[in-house]
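Peer 1: Sharing a structure with you now.
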Number of protein chains: 4
Amino acid sequence: MSSNSFGQLFRVTTWGESHGAAIGCVIDGVPPRLLIDEGEIQTYLDRRRPGQSRFTTQRREPDAVRIVSGTFEGATTGTPLSLIIDNVDQRSKDYSEIKDKFRPGHADYTYWQKYGIRDYRGGGRSSARETAMRVAAGAVARKVLGDAITIRGALVQVGDLAIDRDTWNWDEVERNPFWCPDAAMAKNWESFLDKVRKSGSSTGAVIEVMASGVPVGLGAPIYGKLDADIAAAMMSINAVKGVEIGAGFAATALSGEQNADEMRIGNDGTVHFLSNAAGGVLGGISTGQDVVVRFAVKPTSSILAPRRTVTTGGEETEISTKGRHDPCVGIRAVPVGEAMLACVLADHLLRHRAQCGV
Amino acid sequence: MSSNSFGQLFRVTTWGESHGAAIGCVIDGVPPRLLIDEGEIQTYLDRRRPGQSRFTTQRREPDAVRIVSGTFEGATTGTPLSLIIDNVDQRSKDYSEIKDKFRPGHADYTYWQKYGIRDYRGGGRSSARETAMRVAAGAVARKVLGDAITIRGALVQVGDLAIDRDTWNWDEVERNPFWCPDAAMAKNWESFLDKVRKSGSSTGAVIEVMASGVPVGLGAPIYGKLDADIAAAMMSINAVKGVEIGAGFAATALSGEQNADEMRIGNDGTVHFLSNAAGGVLGGISTGQDVVVRFAVKPTSSILAPRRTVTTGGEETEISTKGRHDPCVGIRAVPVGEAMLACVLADHLLRHRAQCGV
Amino acid sequence: MSSNSFGQLFRVTTWGESHGAAIGCVIDGVPPRLLIDEGEIQTYLDRRRPGQSRFTTQRREPDAVRIVSGTFEGATTGTPLSLIIDNVDQRSKDYSEIKDKFRPGHADYTYWQKYGIRDYRGGGRSSARETAMRVAAGAVARKVLGDAITIRGALVQVGDLAIDRDTWNWDEVERNPFWCPDAAMAKNWESFLDKVRKSGSSTGAVIEVMASGVPVGLGAPIYGKLDADIAAAMMSINAVKGVEIGAGFAATALSGEQNADEMRIGNDGTVHFLSNAAGGVLGGISTGQDVVVRFAVKPTSSILAPRRTVTTGGEETEISTKGRHDPCVGIRAVPVGEAMLACVLADHLLRHRAQCGV
Amino acid sequence: MSSNSFGQLFRVTTWGESHGAAIGCVIDGVPPRLLIDEGEIQTYLDRRRPGQSRFTTQRREPDAVRIVSGTFEGATTGTPLSLIIDNVDQRSKDYSEIKDKFRPGHADYTYWQKYGIRDYRGGGRSSARETAMRVAAGAVARKVLGDAITIRGALVQVGDLAIDRDTWNWDEVERNPFWCPDAAMAKNWESFLDKVRKSGSSTGAVIEVMASGVPVGLGAPIYGKLDADIAAAMMSINAVKGVEIGAGFAATALSGEQNADEMRIGNDGTVHFLSNAAGGVLGGISTGQDVVVRFAVKPTSSILAPRRTVTTGGEETEISTKGRHDPCVGIRAVPVGEAMLACVLADHLLRHRAQCGV
């Protein structure tokens, strides 16, 4: 048991605080002889890196990853990979404001109550900075999955502005700062978020992540369900408040006929489903269709407006966030969600191979 | 690692197929000297038992639980509890229809593909019958939690008919066959479900489960988050397609001001929150407020209308479900959701005690 | 985490007390489509069954095992196997003697101190009766390993009487009630044990278990070492006080030249070792040679001579064991040691397959 | 599951190769508010550091440890500790000799066969260098255990030269380069090891580790036994081939009367044992007496004499170790054994607290 690890066979353990010397992760169980280098992991980290548009936090971190163990001459050796990113932008800020006050919506109060101590600098361990290591681990997971499996994510809702799914264009996702697959909606979000940002407020978002090429058979019955592990993985991301698979909550209002995906034999002689309400998972096991996951990210808790709170000493007070912050932390959650899905799938690929062979 | 176990310290392992001789569970890690008897567990099983109204399946199972190990003279001894329920109603039905055909929406196809073999009788291991053991384990978990923590569940939506939350009345929940806290809506559901049932179709539902009296501090950072474990627990229940905590998906459309729950000092000198958008969890750790969870159950996959599918031999065919079935499996998921929340909380209570003392 | 489970992928959980209604185990992670039936498991249980000679306990248990889940039409389905043995010989003995007195050498005192409660009937959970389920699980593990891997055990020392290893004859092991591979020594043990038994005393034993046909590559570095898992498995057997691999403690007095097994290419073109001081494990990973394990079992703690002890109430007293008991519990540990080695190897076979493929 | 982690609640994960940039460990589950600094951990590392006498390896490593996460203002915060030691003495040696040849007695052959790739520089992951992180973790474990529990180790046998236990003097342990509690025997070992070293050979050793002040009740039944976890922990140390508790293998030749430790009520009103054949563990649970563990370390495998071996290409050849090496690696295993015992006890302290409270 470890509260800072996830996965069973592809097992990731992360460590580090927002303003410590470094953050890092250890990945155990990686198959040997996979070609991997720092540049490849860096590519994914760069996609997550803050400060790339006016819509994400301005912390300036190069987030340069180093592989410190587990590879030899460019290939994995079967021993644990240790990945480290030095914290460069740990400017000695003035923490007097948050040292003794619990920021509403943050983990300040609960950490304090649980542990009786907390590293308040930049959120300490509860900072979203930890998600950089998820992205790094996800890059390794993709190597385990191989090229036949593609994992992509997109932002599908900001505030109450949802995309038009009929216009979904994956190419568009790389063209705007929101990972938005709907070019028109990206424009709307831009205006909306500028307004939110200028008013010092914040808003939430829904991210959709999809894995294509997943073979049928990954996952396991009952408590080892692929979707149960996905749910935990996504819910473990900072600020996530909901997760759904396939039709998700909307399945409630479907009829049995609409919901139960019918099957036919395709031209290639294999089984094809005529729809994908299941989101690629039946009975906790992948169907071979796209695995489709959505998760909701709450509005950034750090906002300009003064908010009522209490101090560590038990006194009532107010707090407001100084400086610039993400108006919508959900934007940066897209590469994180992709990484978590990659890790869960890599884990289940190994688990399936263990029990059922290849 | 075990696909049929969940929990870290309060650890439940279930076994058994729908039409085997029995189903059962082993619960390890139970603290010693808790007073518990079969009658108490039976009370919770009786709430879940099928066949209690025309809206749930007609399988006639007494579901009589036996405690076969782990107690002595009415108290737990610290050794594993083994709970067993004999399968009584395992009538030798005619399985020729489902033996070779994959039922859409069910786990038939994925189990077959994964294992190359399946116990097709009544769904085998993927049958919702397994949830009886979750309910039994939940009864034990409640003993671990003690009387100060109350866990209750309700059905809050059937099809697209959602309750009016302003009329929420917990007493009402026990008065109708739907665990509905809104008396007026219970009437609507009755008509709606009669129509659904008569048409041979089915519909989905949303369940809300709430734990009151949970102390601040349960849960852990990052991958041991209380809400991540709750998400996995709920998503592991048969037919569940979505899980959310507190404001959940609706948090997306809130502003930062609306979402971040403010804090004041109450008359009792302790911290009070002025709202509960967080659903009782911040940074993965309980806040002391009610833990509020909702999950979506898809429509029953077994319906009367003929559906296109394929056979184990790779041929196209059709299948339709004979006899009576649940028009809405979500109804019976209420006690199951309660049980899962109880188990997760019991586990985290022990985990917290391990790391932080009492 | 579970104190009553072992193995990571081939995962065995046992439950039950000596004088409860039944004992049982759940085996999760078993590959699908293995042919297995109760008769095959029973064969191994019959080898362990007490009361087969005057040198082992006279408890009369048929130890008839039932497979209650996890198989279908004679083959494993990939879902958990539940094996149950009813306790038949749970005669209502007079427990007044041991109810309040801690038997020296037994777990009575420590269970009481840990849990504040104990099922004193026949030792409760700490009874060697639990080992029946290890043997049952071992039978399943052998199916996972396949016919190419053979696991055999023998008694190599009783009291201070060690066998002459030069006379080792596996056929002899089945011919005497001691699993002794040295016919002459078996005679000596007979006289010795008759003397021990008649004097109401007891003695210890050393068991050697050997696995042949184990492929090179099972095990893992550092904390997943094959020999580390074997050590834990053997030390977890009741009354075991020591475990060694290959040359074991005697390696201490070897020179580096004697200890480091040299390698040559055999006529078959593969690597052969010229000796096996390593006991088939280097760096925690199997070498392809025989895996050789020995473990020491302490003398039976239940003896006729009155022994000084204390009561649950904190008073000094004496206790002596009535009736007949094993003069040497080590004898019955042979099939148990075999089973544990089978389980550890099956687990590592699956673990190896997960990380490295086939 | 993780092959590079151990412990359940006090959970240590190590990473790093002998000649990579650094080695490190992550310790999860550490209780909050323990005062700990790098200097304290360094004290233990310095005891293990190589090159302190002519009897241990001459690798010159300062082994300076850094705490990179998990503490704040000198105290643990409940989040994972990351400890890192940079590899300074990673001189670019000539590895042509060991690159293609498997060194007998080492893990070269098995790693190669398992993974199809290996970092041959200095043994890579299988190097004893990894044990530095065990010692670091052990220092943290001691903080968890508190001052009331003392863990000490000693060398009790080198080659076939065993100490006279009647002369045991803990003060002596710190006075000679062997951790030998018998001053006279330390002299003998000095002559013996000089001879061994000059001849280019090596020898084995037996280490004894003892924990005093352990409360009764740590450990758990069946597979969570304290001594089973100790056995795995010790067997996981490089070159260890045997582990025993209390009387250990010698218990075999004891009579039941000699072995079963009798109990009396001491002057302080608590239970006292009249002997400690059990080594402080009964039924897998601590008795409150000293926990006594011994383990055997095989002779150093790297020796001067040419040894027959094979190459990665499948050809027969010879190999001999150049330069100076430990004549007896067992010497440096003393602080490692202490650390492992500390870690196991810390883990079980938390596990006990979880299930049974304080």
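We name chains A, B, ... following the order of the structure tokens; residues begin at 1 in each chain, and ligands are numbered from 1 as shown.
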Kindly determine which residues of chain D lie within 9 Å of chain A, considering only C-alpha atoms, and give the answer as an MDAnalysis selection string.
Peer 2: chainID D and resid 1:5 7:11 13:17 20:26 28:29 31:33 68:73 75:82 114:119 125
Peer 1: What parts of range 71-168 of chain B does DSSP call strand (DSSP E or B)? I'd like the answer as a PyMOL selection string.
Peer 2: chain B and resi 71-72+75-76+81-86+101+150-158+161-162
Peer 1: For the residues in that selection, give me N, CA, C and O atoms as a short mmCIF file (atom, residue, chain, number, x, y, z; two decimals), in the first residue's frame.
Peer 2:
```cif
data_model
loop_
_atom_site.label_atom_id
_atom_site.label_comp_id
_atom_site.auth_asym_id
_atom_site.auth_seq_id
_atom_site.Cartn_x
_atom_site.Cartn_y
_atom_site.Cartn_z
N THR B 71 -15.07 -14.84 14.00
CA THR B 71 -15.73 -14.36 15.21
C THR B 71 -15.69 -15.46 16.27
O THR B 71 -15.56 -16.65 15.95
N PHE B 72 -15.79 -15.06 17.49
CA PHE B 72 -15.81 -16.02 18.60
C PHE B 72 -16.72 -15.43 19.67
O PHE B 72 -16.54 -14.29 20.09
N ALA B 75 -18.02 -11.93 18.80
CA ALA B 75 -17.15 -10.78 18.57
C ALA B 75 -16.06 -11.13 17.56
O ALA B 75 -15.64 -12.29 17.45
N THR B 76 -15.61 -10.13 16.83
CA THR B 76 -14.51 -10.37 15.89
C THR B 76 -13.23 -10.65 16.66
O THR B 76 -13.02 -10.11 17.75
N LEU B 81 -12.81 -12.72 8.47
CA LEU B 81 -14.20 -13.17 8.43
C LEU B 81 -14.48 -13.84 7.10
O LEU B 81 -14.14 -13.29 6.04
N SER B 82 -15.08 -14.99 7.15
CA SER B 82 -15.55 -15.64 5.93
C SER B 82 -17.06 -15.65 5.98
O SER B 82 -17.66 -16.21 6.90
N LEU B 83 -17.68 -15.00 5.00
CA LEU B 83 -19.14 -14.95 4.92
C LEU B 83 -19.59 -15.72 3.69
O LEU B 83 -19.01 -15.56 2.60
N ILE B 84 -20.58 -16.57 3.86
CA ILE B 84 -21.04 -17.41 2.75
C ILE B 84 -22.56 -17.34 2.62
O ILE B 84 -23.28 -17.37 3.62
N ILE B 85 -23.02 -17.24 1.38
CA ILE B 85 -24.45 -17.34 1.07
C ILE B 85 -24.62 -18.46 0.06
O ILE B 85 -24.02 -18.42 -1.02
N ASP B 86 -25.41 -19.45 0.42
CA ASP B 86 -25.66 -20.53 -0.53
C ASP B 86 -26.58 -20.05 -1.64
O ASP B 86 -27.50 -19.28 -1.40
N LYS B 101 -24.51 -17.29 -27.67
CA LYS B 101 -24.74 -15.93 -28.16
C LYS B 101 -24.29 -14.91 -27.12
O LYS B 101 -24.53 -15.08 -25.93
N THR B 150 -22.90 7.88 9.79
CA THR B 150 -24.13 7.37 9.19
C THR B 150 -24.00 7.38 7.68
O THR B 150 -23.59 8.40 7.11
N ILE B 151 -24.36 6.28 7.04
CA ILE B 151 -24.28 6.22 5.58
C ILE B 151 -25.65 5.88 5.03
O ILE B 151 -26.24 4.86 5.39
N ARG B 152 -26.14 6.75 4.18
CA ARG B 152 -27.46 6.55 3.60
C ARG B 152 -27.44 6.79 2.10
O ARG B 152 -26.63 7.60 1.63
N GLY B 153 -28.32 6.12 1.39
CA GLY B 153 -28.38 6.30 -0.06
C GLY B 153 -29.80 6.53 -0.53
O GLY B 153 -30.76 6.18 0.17
N ALA B 154 -29.92 7.08 -1.70
CA ALA B 154 -31.23 7.33 -2.28
C ALA B 154 -31.12 7.32 -3.80
O ALA B 154 -30.04 7.54 -4.36
N LEU B 155 -32.24 7.06 -4.45
CA LEU B 155 -32.29 7.15 -5.90
C LEU B 155 -32.71 8.58 -6.23
O LEU B 155 -33.70 9.07 -5.69
N VAL B 156 -31.95 9.27 -7.06
CA VAL B 156 -32.29 10.67 -7.31
C VAL B 156 -32.72 10.93 -8.75
O VAL B 156 -33.15 12.03 -9.09
N GLN B 157 -32.56 9.92 -9.60
CA GLN B 157 -33.02 10.08 -10.97
C GLN B 157 -33.32 8.71 -11.58
O GLN B 157 -32.57 7.76 -11.35
N VAL B 158 -34.43 8.63 -12.33
CA VAL B 158 -34.75 7.43 -13.10
C VAL B 158 -35.07 7.90 -14.51
O VAL B 158 -35.88 8.80 -14.69
N LEU B 161 -36.04 11.52 -15.29
CA LEU B 161 -36.87 12.09 -14.23
C LEU B 161 -36.08 12.24 -12.94
O LEU B 161 -35.86 11.28 -12.20
N ALA B 162 -35.63 13.46 -12.68
CA ALA B 162 -34.82 13.72 -11.48
C ALA B 162 -35.70 14.26 -10.37
O ALA B 162 -36.69 14.95 -10.61
#
```
Peer 1: Please build the interface table for range 189-283 of chain D against range 315-328 of chain C with a cut-off of 9 Å, listing for each qualifying residue the nearest atom pair and the distance in Å to one decimal; count only C-alpha atoms, order rows by chain and increasing number, and write it as CSV.
Peer 2:
```
residue,atom,partner,partner_atom,distance
D:Gly256,CA,C:Pro327,CA,8.8
D:Met263,CA,C:Glu316,CA,8.0
D:Arg264,CA,C:Glu316,CA,6.0
D:Ile265,CA,C:Glu316,CA,6.4
```
Peer 1: Emit the selected residues as a PDB file, in the first residue's frame, including all heavy atoms.
Peer 2:
```pdb
ATOM      1  N   GLY D 256      11.104 -30.650  23.236  1.00  0.00           N
ATOM      2  CA  GLY D 256       9.978 -29.746  23.436  1.00  0.00           C
ATOM      3  C   GLY D 256      10.117 -28.973  24.732  1.00  0.00           C
ATOM      4  O   GLY D 256       9.778 -27.782  24.803  1.00  0.00           O
ATOM      5  N   MET D 263       6.713 -19.205  31.135  1.00  0.00           N
ATOM      6  CA  MET D 263       6.333 -17.837  31.519  1.00  0.00           C
ATOM      7  C   MET D 263       6.090 -17.726  33.017  1.00  0.00           C
ATOM      8  O   MET D 263       5.552 -18.643  33.633  1.00  0.00           O
ATOM      9  CB  MET D 263       5.035 -17.448  30.790  1.00  0.00           C
ATOM     10  CG  MET D 263       5.201 -17.162  29.314  1.00  0.00           C
ATOM     11  SD  MET D 263       3.582 -17.044  28.474  1.00  0.00           S
ATOM     12  CE  MET D 263       3.414 -18.734  27.874  1.00  0.00           C
ATOM     13  N   ARG D 264       6.479 -16.594  33.553  1.00  0.00           N
ATOM     14  CA  ARG D 264       6.217 -16.241  34.954  1.00  0.00           C
ATOM     15  C   ARG D 264       5.775 -14.775  35.003  1.00  0.00           C
ATOM     16  O   ARG D 264       5.930 -14.045  34.031  1.00  0.00           O
ATOM     17  CB  ARG D 264       7.488 -16.401  35.809  1.00  0.00           C
ATOM     18  CG  ARG D 264       8.043 -17.815  35.935  1.00  0.00           C
ATOM     19  CD  ARG D 264       7.305 -18.640  36.989  1.00  0.00           C
ATOM     20  NE  ARG D 264       6.123 -19.305  36.428  1.00  0.00           N
ATOM     21  CZ  ARG D 264       5.300 -20.102  37.130  1.00  0.00           C
ATOM     22  NH1 ARG D 264       5.536 -20.330  38.416  1.00  0.00           N
ATOM     23  NH2 ARG D 264       4.256 -20.665  36.569  1.00  0.00           N
ATOM     24  N   ILE D 265       5.242 -14.407  36.138  1.00  0.00           N
ATOM     25  CA  ILE D 265       4.920 -12.997  36.362  1.00  0.00           C
ATOM     26  C   ILE D 265       6.116 -12.340  37.044  1.00  0.00           C
ATOM     27  O   ILE D 265       6.571 -12.807  38.101  1.00  0.00           O
ATOM     28  CB  ILE D 265       3.677 -12.850  37.252  1.00  0.00           C
ATOM     29  CG1 ILE D 265       2.469 -13.567  36.624  1.00  0.00           C
ATOM     30  CG2 ILE D 265       3.368 -11.362  37.479  1.00  0.00           C
ATOM     31  CD1 ILE D 265       1.972 -12.976  35.332  1.00  0.00           C
TER      32      ILE D 265
END
```
Peer 1: Name the residues in contact with Asp194 in chain D at a cut-off of 12 Å, using only C-alpha atoms, excluding same-chain residues fewer than 3 positions from it; report them as number ranges by chain.
Peer 2: D: 53-56, 187-191, 197-203, 326-328
Peer 1: Can you work out which one of D:Asp100, D:Ala231, D:Ile222, D:Leu45 has the shortest atom-to-atom distance to Gly314 in chain D, counting only C-alpha atoms?
Peer 2: D:Asp100
Peer 1: Could you pull out all residues of range 176-267 of chain B with a DSSP call of helix (DSSP H, G or I) and give them as a ChimeraX atom specification?
Peer 2: /B:183-198,222-224,226-235,248-253,256-259
Peer 1: Write out, as a PDB file, in the first residue's frame, the residues just selected, with C-alpha atoms.
Peer 2:
```
ATOM      1  CA  ALA B 183     -42.679  11.353  -2.532  1.00  0.00           C
ATOM      2  CA  ALA B 184     -44.164  12.996  -5.578  1.00  0.00           C
ATOM      3  CA  MET B 185     -41.422  11.789  -7.863  1.00  0.00           C
ATOM      4  CA  ALA B 186     -41.810   8.254  -6.520  1.00  0.00           C
ATOM      5  CA  LYS B 187     -45.302   8.274  -7.972  1.00  0.00           C
ATOM      6  CA  ASN B 188     -44.008   9.453 -11.334  1.00  0.00           C
ATOM      7  CA  TRP B 189     -41.358   6.755 -11.386  1.00  0.00           C
ATOM      8  CA  GLU B 190     -43.985   4.144 -10.634  1.00  0.00           C
ATOM      9  CA  SER B 191     -45.948   5.048 -13.754  1.00  0.00           C
ATOM     10  CA  PHE B 192     -42.853   5.461 -15.834  1.00  0.00           C
ATOM     11  CA  LEU B 193     -41.348   2.145 -14.777  1.00  0.00           C
ATOM     12  CA  ASP B 194     -44.594   0.292 -15.283  1.00  0.00           C
ATOM     13  CA  LYS B 195     -44.602   1.584 -18.829  1.00  0.00           C
ATOM     14  CA  VAL B 196     -40.957   0.649 -19.334  1.00  0.00           C
ATOM     15  CA  ARG B 197     -41.498  -2.804 -17.852  1.00  0.00           C
ATOM     16  CA  LYS B 198     -44.571  -3.524 -19.949  1.00  0.00           C
ATOM     17  CA  ILE B 222      -2.233  11.960  -4.572  1.00  0.00           C
ATOM     18  CA  TYR B 223      -3.121   8.321  -5.392  1.00  0.00           C
ATOM     19  CA  GLY B 224      -4.602   7.422  -2.032  1.00  0.00           C
ATOM     20  CA  LEU B 226     -10.515   9.279  -0.536  1.00  0.00           C
ATOM     21  CA  ASP B 227     -12.488  10.356  -3.605  1.00  0.00           C
ATOM     22  CA  ALA B 228     -10.267   8.333  -5.965  1.00  0.00           C
ATOM     23  CA  ASP B 229     -10.988   5.213  -3.934  1.00  0.00           C
ATOM     24  CA  ILE B 230     -14.687   6.067  -3.832  1.00  0.00           C
ATOM     25  CA  ALA B 231     -14.677   6.522  -7.608  1.00  0.00           C
ATOM     26  CA  ALA B 232     -13.112   3.099  -8.145  1.00  0.00           C
ATOM     27  CA  ALA B 233     -15.464   1.495  -5.645  1.00  0.00           C
ATOM     28  CA  MET B 234     -18.586   2.855  -7.304  1.00  0.00           C
ATOM     29  CA  MET B 235     -17.372   2.275 -10.849  1.00  0.00           C
ATOM     30  CA  GLY B 248     -19.464  16.863  -9.638  1.00  0.00           C
ATOM     31  CA  PHE B 249     -19.888  17.549 -13.347  1.00  0.00           C
ATOM     32  CA  ALA B 250     -22.000  20.560 -12.500  1.00  0.00           C
ATOM     33  CA  ALA B 251     -18.924  22.152 -10.914  1.00  0.00           C
ATOM     34  CA  THR B 252     -17.758  22.851 -14.446  1.00  0.00           C
ATOM     35  CA  ALA B 253     -20.272  25.642 -14.870  1.00  0.00           C
ATOM     36  CA  GLY B 256     -14.568  29.960  -8.577  1.00  0.00           C
ATOM     37  CA  GLU B 257     -16.520  32.013  -6.053  1.00  0.00           C
ATOM     38  CA  GLN B 258     -19.444  29.595  -6.105  1.00  0.00           C
ATOM     39  CA  ASN B 259     -17.314  26.520  -5.946  1.00  0.00           C
TER      40      ASN B 259
END
```
Peer 1: Name the closest residue to Pro221 in chain D among the candidates C:Ala346, C:Met340, C:Ala107, C:Val206; distances are taken between atoms, counting only C-alpha atoms.
Peer 2: C:Ala107
Peer 1: Quick one: residues within 8 Å of Glu244 in chain A, only C-alpha atoms counted, chain neighbours fewer than 3 positions away excluded, as a VMD selection string?
Peer 2: (chain A and resid 231 247 to 249 293 to 295) or (chain B and resid 241 to 243)
Peer 1: So how far away is CA of Ile245 in chain C from CA of Gly279 in chain C, in Å?
Peer 2: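 These two atoms are separated by 5.4 Å.
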Peer 1: Please provide the set of residues having any atom within 10 Å of Pro62 in chain A, restricted to only C-alpha atoms, with same-chain residues fewer than 4 positions apart removed, written as number ranges by chain.
Peer 2: A: 42, 45-46, 49-50, 85-89
Peer 1: Output the selection as a PDB file, in the first residue's frame - C-alpha atoms for each residue.
Peer 2:
```pdb
ATOM      1  CA  GLN A  42      10.250  15.849 -22.671  1.00  0.00           C
ATOM      2  CA  LEU A  45       6.135  17.435 -20.624  1.00  0.00           C
ATOM      3  CA  ASP A  46       6.387  20.390 -22.950  1.00  0.00           C
ATOM      4  CA  ARG A  49       4.235  23.041 -19.331  1.00  0.00           C
ATOM      5  CA  PRO A  50       2.675  26.124 -17.803  1.00  0.00           C
ATOM      6  CA  ILE A  85      12.731  17.321 -12.616  1.00  0.00           C
ATOM      7  CA  ASP A  86      14.500  20.031 -10.680  1.00  0.00           C
ATOM      8  CA  ASN A  87      12.341  22.833  -9.373  1.00  0.00           C
ATOM      9  CA  VAL A  88      13.878  25.929 -10.899  1.00  0.00           C
ATOM     10  CA  ASP A  89      11.235  28.579 -10.305  1.00  0.00           C
TER      11      ASP A  89
END
```
Peer 1: So that I can check the surroundings of Val135 in chain B, please list as a PyMOL selection string every protein, DNA and RNA residue that reaches within 9 Å of it, counting only C-alpha atoms and ignoring chain neighbours fewer than 3 positions away.
Peer 2: chain B and resi 41+44-45+48+131-132+138-140+335-340
Peer 1: Could you check the closest approach to Gly204 in chain D for each of C:Val30, C:Ala141, C:Ala128, C:Ala260 and tell me which residue wins, using only C-alpha atoms?
Peer 2: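 Among the listed residues, the smallest separation from Gly204 in chain D belongs to C:Ala260.
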Peer 1: CA of Ser236 in chain D to CA of Leu350 in chain C: how many Å, to one decimal?
Peer 2: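 Interatomic distance here is 20.1 Å.
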Peer 1: Nearest residue to Gly330 in chain A out of A:Gly266, A:Gly288, A:Pro177, A:Gly74, using only C-alpha atoms?
Peer 2: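 When distances to Gly330 in chain A are compared using only C-alpha atoms, the smallest one comes from A:Pro177.
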Peer 1: Using only C-alpha atoms, which protein or nucleic acid residues come within 9 Å of Gln289 in chain B? Drop anything in the same chain fewer than 5 positions from it, and give the result as a list in words.
Peer 2: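 Using only C-alpha atoms, the neighbours found are Ala211, Ser212, Gly213, Val214, Pro215, Val216, His272, Phe273, Asn276, Gly279, Gly280 and Val281 of chain B.
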Peer 1: Write the residues of the preceding selection, restricted to N, CA and C atoms, as a compact mmCIF listing (two decimals), in the first residue's frame.
Peer 2:
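Written out: again_1.txt:
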```
# COMPACT_ATOMS: atom_id res chain seq x y z
N ALA B 211 -22.38 10.14 3.41
CA ALA B 211 -21.88 9.73 4.72
C ALA B 211 -21.78 10.94 5.63
N SER B 212 -22.46 10.90 6.76
CA SER B 212 -22.43 11.99 7.72
C SER B 212 -21.62 11.57 8.95
N GLY B 213 -20.98 12.54 9.55
CA GLY B 213 -20.21 12.23 10.76
C GLY B 213 -18.80 11.78 10.48
N VAL B 214 -18.38 11.84 9.23
CA VAL B 214 -17.01 11.45 8.89
C VAL B 214 -16.05 12.49 9.45
N PRO B 215 -15.07 12.08 10.25
CA PRO B 215 -14.15 13.06 10.81
C PRO B 215 -13.26 13.67 9.74
N VAL B 216 -12.77 14.87 9.98
CA VAL B 216 -11.81 15.48 9.06
C VAL B 216 -10.52 14.66 9.10
N HIS B 272 -16.49 25.45 10.38
CA HIS B 272 -17.67 25.08 9.60
C HIS B 272 -17.52 25.61 8.18
N PHE B 273 -18.03 24.85 7.24
CA PHE B 273 -18.04 25.32 5.85
C PHE B 273 -19.41 25.92 5.56
N ASN B 276 -21.07 23.12 0.48
CA ASN B 276 -20.38 21.82 0.35
C ASN B 276 -20.25 21.39 -1.11
N GLY B 279 -18.26 18.32 -1.69
CA GLY B 279 -18.76 16.98 -1.37
C GLY B 279 -17.97 16.32 -0.26
N GLY B 280 -17.43 17.15 0.63
CA GLY B 280 -16.77 16.58 1.81
C GLY B 280 -15.35 16.13 1.61
N VAL B 281 -14.75 16.46 0.47
CA VAL B 281 -13.38 16.02 0.20
C VAL B 281 -12.58 17.14 -0.45
```
Peer 1: From the set C:Glu38, C:Pro104, C:Asp261, C:Glu172, which residue has the shortest atom-to-atom contact distance to Ala305 in chain C, counting only C-alpha atoms?
Peer 2: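 Closest candidate: C:Pro104.
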